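J.: I'd like to ask some things about the structure below.
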Amino acid sequence: MRSPLRFVFSILLATLIGLVSAWYFVRSATSLDTIRVGQWRAWPNAGTEAWDPYSRANMAKAGELPLGSGEGLTFSTRHSSAGELLDARCSYQIAGQTPPARLWTLEVAGKPVAGAADAGTIAAIGSDAIVRRPDDRFSINVGPRPATGSWLDSSNLSKIQIVLRLYDTTARSAPFTANLELPLVTETGCS
Amino acid sequence: MIDHFIPISWSERLFNRMRRYIYHGLLIFIGAGIVHITAVMLVPHFAEKDAWSRLEVSAGYFSFKILEMGKMLESGQIEETGKVGEANLTGLDPLFVQAACRVQTTGAPVEIKFSDPDRFWSLGVYNHLNGVIFSLNDRTVERGNARFLLVTATQNSRIRERDPLAFERNIIVETDQDELVVVLRIYAPSAIDQAQVTDLLTGASCTALADSDGP
């Protein structure tokens with residue numbers, strides 16, 4: 001009598017552990033084949049045959065469509081290079097270099113603040129619109145207050161993340177993924 | 001229960017208890033593993049808000065339709081503004097105009113044709129599990145009109161039989177999937193660019209060829 005009860009309990013416990021762990025791993029998207037460069041993350045195998053099941057499930061849940069390997073690669077970060085969570089009320093400088101790409105765009109994405117004057121504003125800039133220094137490095141300011149140079153407004157957003165999309169890039173192919181150089185995200189002040 | 005009549009030593013009792021713990025521990029471990037793997041694998045099949053489900057609504061059927069913006073948030077979460085509907089995809093590049101066309105290849109070869117926007121563009125062909133079966137960008141294609149054919153293996157061999165040089169003049173994508181969505185993304189950072197590109201996308205065609213039509 002005790003043994004079948006224990007069996008049923010084991011099965012229930014197994015189901016619970018299985019579901020909770022699946023939910024956790026899919027949600028956290030710490031999948032097996034993530035490229036990590038500093039705080040930046042990318043999934044080079046997303047959409048391909050070698051797509052790992054965790055990021056596949058994660059993107060399915062998020063309703064996101066991966067870029068094809070002939071199109072480009074998306075990097076994103078929710079943290080500054082110092083490892084702190086990005087805050088829309090703070091100002092950041094994104095400076096440095098990107099991996100070789102014919103075109104790239106940098107977006108400040110986030111949850112629109114309720115009642116913001118203009119929720120439709122695009123906080124994104126393309127590589128053809130930025131001013132570069134002679135050594136091909138660039139610097140973009142992100143924050144709620146206007147800044148000199150290239151500036152992306154984060155005042156209408158909360159829970160921000162920075163998304164760097166590289167188009168027609170070699171960053172996706174094997175020998176290049178090992179040593180990619182991505183821009184640093186540095187906090188320059190908080191209001 | 002004959003066991004009750006046979007006296008067993010304490011060591012035997014301990015051994016039996018250990019065996020039960022190990023048995024149940026293994027049962028939980030293996031069971032949890034099976035449930036875990038099954039759940040993760042099933043998510044893309046049953047997700048109701050995945051990109052494919054959204055594209056089924058927001059893409060045109062045998063015609064390109066411009067995709068509206070959704071906002072990408074932390075993974076696994078969909079946050080949308082008041083303007084953005086259920087059918088909108090998350091994570092689209094706001095500096096691009098993107099259009100999608102849903103097609104069926106079972107009937108006849110599908111022809112995708114648009115005039116070259118003379119700026120960066122890329123194209124991805126997606127299956128129902130949000131996988132990319134084919135993708136390219138503007139550099140892969142000669143300047144002028146961009147033209148692709150989506151064909152099944154049977155249609156492909158028929159085309160090859162009729163016109164062995166068809167492959168030199170066309171980009172032919174063979175697929176074993178019945179239903180696909182073609183997503184075309186064109187770089188358009190300014191409002192003027194967006195208006196131009198929107199015009200171009202309205203003129204883009206995504207049609208099933210009559211089977212007798214050669215490429």
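Every chain in the structure tokens takes a letter, A first, then B, and so on in the order presented; its residues are numbered from 1, and the ligands are numbered from 1 following the presented order.
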Give me, as JSON, numbers by chain, the residues of range 1-213 of chain B that a backbone DSSP run labels helix (DSSP H, G or I).
T.: {"B": [2, 3, 4, 5, 10, 11, 12, 13, 14, 15, 16, 17, 18, 19, 20, 21, 22, 23, 24, 25, 26, 27, 28, 29, 30, 31, 32, 33, 34, 35, 36, 37, 38, 39, 40, 41, 42, 43, 44, 45, 46, 51, 52, 53, 54, 55, 56, 57, 58, 138, 139, 140, 153, 154, 155, 156, 157, 158, 159, 160, 161, 162, 166, 167, 168, 169, 191, 192, 193, 194, 195, 196, 197, 198, 199, 200, 201, 202, 203]}
J.: Write out, as a compact mmCIF listing (two decimals), in the first residue's frame, the residues just selected, with C-alpha atoms.
T.:
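Dumped everything to part.txt:
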# COMPACT_ATOMS: atom_id res chain seq x y z
CA ILE B 2 5.54 -14.31 3.46
CA ASP B 3 8.38 -11.90 4.37
CA HIS B 4 6.85 -11.31 7.78
CA PHE B 5 7.55 -14.82 8.86
CA TRP B 10 19.28 -5.20 10.46
CA SER B 11 21.81 -5.00 7.68
CA GLU B 12 19.36 -6.51 5.25
CA ARG B 13 16.71 -4.02 6.36
CA LEU B 14 19.11 -1.13 5.87
CA PHE B 15 20.02 -2.45 2.44
CA ASN B 16 16.34 -2.67 1.46
CA ARG B 17 15.70 0.87 2.64
CA MET B 18 18.74 2.20 0.74
CA ARG B 19 17.59 0.40 -2.37
CA ARG B 20 14.18 2.07 -2.09
CA TYR B 21 15.72 5.51 -1.73
CA ILE B 22 17.99 4.97 -4.71
CA TYR B 23 15.09 3.61 -6.74
CA HIS B 24 12.88 6.61 -6.01
CA GLY B 25 15.73 9.08 -6.43
CA LEU B 26 16.49 7.65 -9.86
CA LEU B 27 12.81 7.64 -10.74
CA ILE B 28 12.50 11.33 -9.87
CA PHE B 29 15.73 12.22 -11.66
CA ILE B 30 14.92 10.39 -14.89
CA GLY B 31 11.26 11.44 -14.80
CA ALA B 32 12.18 15.10 -14.28
CA GLY B 33 14.66 14.85 -17.17
CA ILE B 34 12.05 13.44 -19.53
CA VAL B 35 9.47 16.07 -18.54
CA HIS B 36 12.07 18.85 -18.84
CA ILE B 37 13.20 17.86 -22.34
CA THR B 38 9.64 17.27 -23.55
CA ALA B 39 8.43 20.62 -22.23
CA VAL B 40 11.32 22.56 -23.81
CA MET B 41 10.87 20.79 -27.16
CA LEU B 42 7.12 21.36 -27.21
CA VAL B 43 7.19 25.11 -26.55
CA PRO B 44 7.77 26.15 -30.21
CA HIS B 45 4.97 23.80 -31.34
CA PHE B 46 2.41 25.11 -28.89
CA ALA B 51 6.63 34.79 -34.52
CA TRP B 52 4.95 32.29 -36.88
CA SER B 53 1.53 32.63 -35.21
CA ARG B 54 1.86 36.39 -35.42
CA LEU B 55 3.01 36.25 -39.04
CA GLU B 56 0.05 34.08 -39.96
CA VAL B 57 -2.11 37.04 -38.97
CA SER B 58 0.04 40.00 -39.97
CA ASP B 138 21.45 42.74 -51.39
CA ARG B 139 25.10 42.03 -52.10
CA THR B 140 24.32 38.46 -53.11
CA ALA B 153 11.75 19.15 -55.29
CA THR B 154 9.30 17.99 -57.98
CA GLN B 155 8.83 21.48 -59.34
CA ASN B 156 12.58 21.97 -59.26
CA SER B 157 13.30 18.90 -61.37
CA ARG B 158 10.59 19.93 -63.82
CA ILE B 159 12.18 23.37 -64.20
CA ARG B 160 15.61 21.77 -64.62
CA GLU B 161 14.30 19.46 -67.32
CA ARG B 162 12.64 22.23 -69.24
CA ALA B 166 17.36 28.39 -65.32
CA PHE B 167 19.78 28.21 -62.39
CA GLU B 168 22.16 30.65 -63.92
CA ARG B 169 19.58 33.34 -64.31
CA ALA B 191 10.75 59.28 -42.76
CA ILE B 192 11.49 60.05 -46.43
CA ASP B 193 13.25 56.70 -46.84
CA GLN B 194 10.34 54.95 -45.19
CA ALA B 195 7.83 56.50 -47.60
CA GLN B 196 9.96 55.47 -50.59
CA VAL B 197 10.48 51.96 -49.34
CA THR B 198 6.81 51.55 -48.51
CA ASP B 199 5.99 52.43 -52.13
CA LEU B 200 8.52 49.92 -53.35
CA LEU B 201 7.10 47.20 -51.12
CA THR B 202 3.59 47.88 -52.37
CA GLY B 203 4.89 47.07 -55.83
J.: Provide as a PyMOL selection string the residues of chain A at most 7 Å from chain B, counting only C-alpha atoms.
T.: chain A and resi 10-11+13-15+17-19+21-22+27+47-48+53-54+56-58+60-65+68-71+109-112+122+124+168
J.: Generate the output file for the selected residues, C-alpha atoms, as a CSV table (one decimal), in the first residue's frame.
T.:
chain,number,residue,atom,x,y,z
A,10,SER,CA,7.9,10.4,-7.1
A,11,ILE,CA,6.2,10.8,-10.5
A,13,LEU,CA,7.7,15.4,-7.9
A,14,ALA,CA,9.5,14.5,-11.1
A,15,THR,CA,6.9,16.3,-13.2
A,17,ILE,CA,10.9,19.5,-11.1
A,18,GLY,CA,10.9,18.9,-14.9
A,19,LEU,CA,8.4,21.7,-15.6
A,21,SER,CA,13.4,23.7,-14.5
A,22,ALA,CA,12.2,23.9,-18.1
A,27,ARG,CA,13.1,32.1,-19.5
A,47,GLY,CA,17.0,30.1,-36.8
A,48,THR,CA,19.5,27.6,-38.2
A,53,PRO,CA,16.1,24.0,-28.0
A,54,TYR,CA,16.3,26.6,-25.2
A,56,ARG,CA,14.3,28.3,-29.8
A,57,ALA,CA,11.7,28.0,-27.1
A,58,ASN,CA,12.7,31.4,-25.6
A,60,ALA,CA,9.0,31.3,-29.6
A,61,LYS,CA,7.7,32.6,-26.3
A,62,ALA,CA,8.8,36.1,-27.0
A,63,GLY,CA,7.4,36.2,-30.5
A,64,GLU,CA,10.7,37.1,-31.9
A,65,LEU,CA,12.0,36.3,-35.4
A,68,GLY,CA,18.9,34.7,-41.1
A,69,SER,CA,22.6,33.8,-41.3
A,70,GLY,CA,22.7,35.7,-44.7
A,71,GLU,CA,21.1,38.7,-43.1
A,109,ALA,CA,14.6,49.3,-26.6
A,110,GLY,CA,12.4,49.1,-23.6
A,111,LYS,CA,9.0,49.3,-22.1
A,112,PRO,CA,7.3,52.6,-23.1
A,122,ILE,CA,12.5,55.8,-32.3
A,124,ALA,CA,17.9,54.1,-32.8
A,168,ASP,CA,26.0,41.4,-43.6
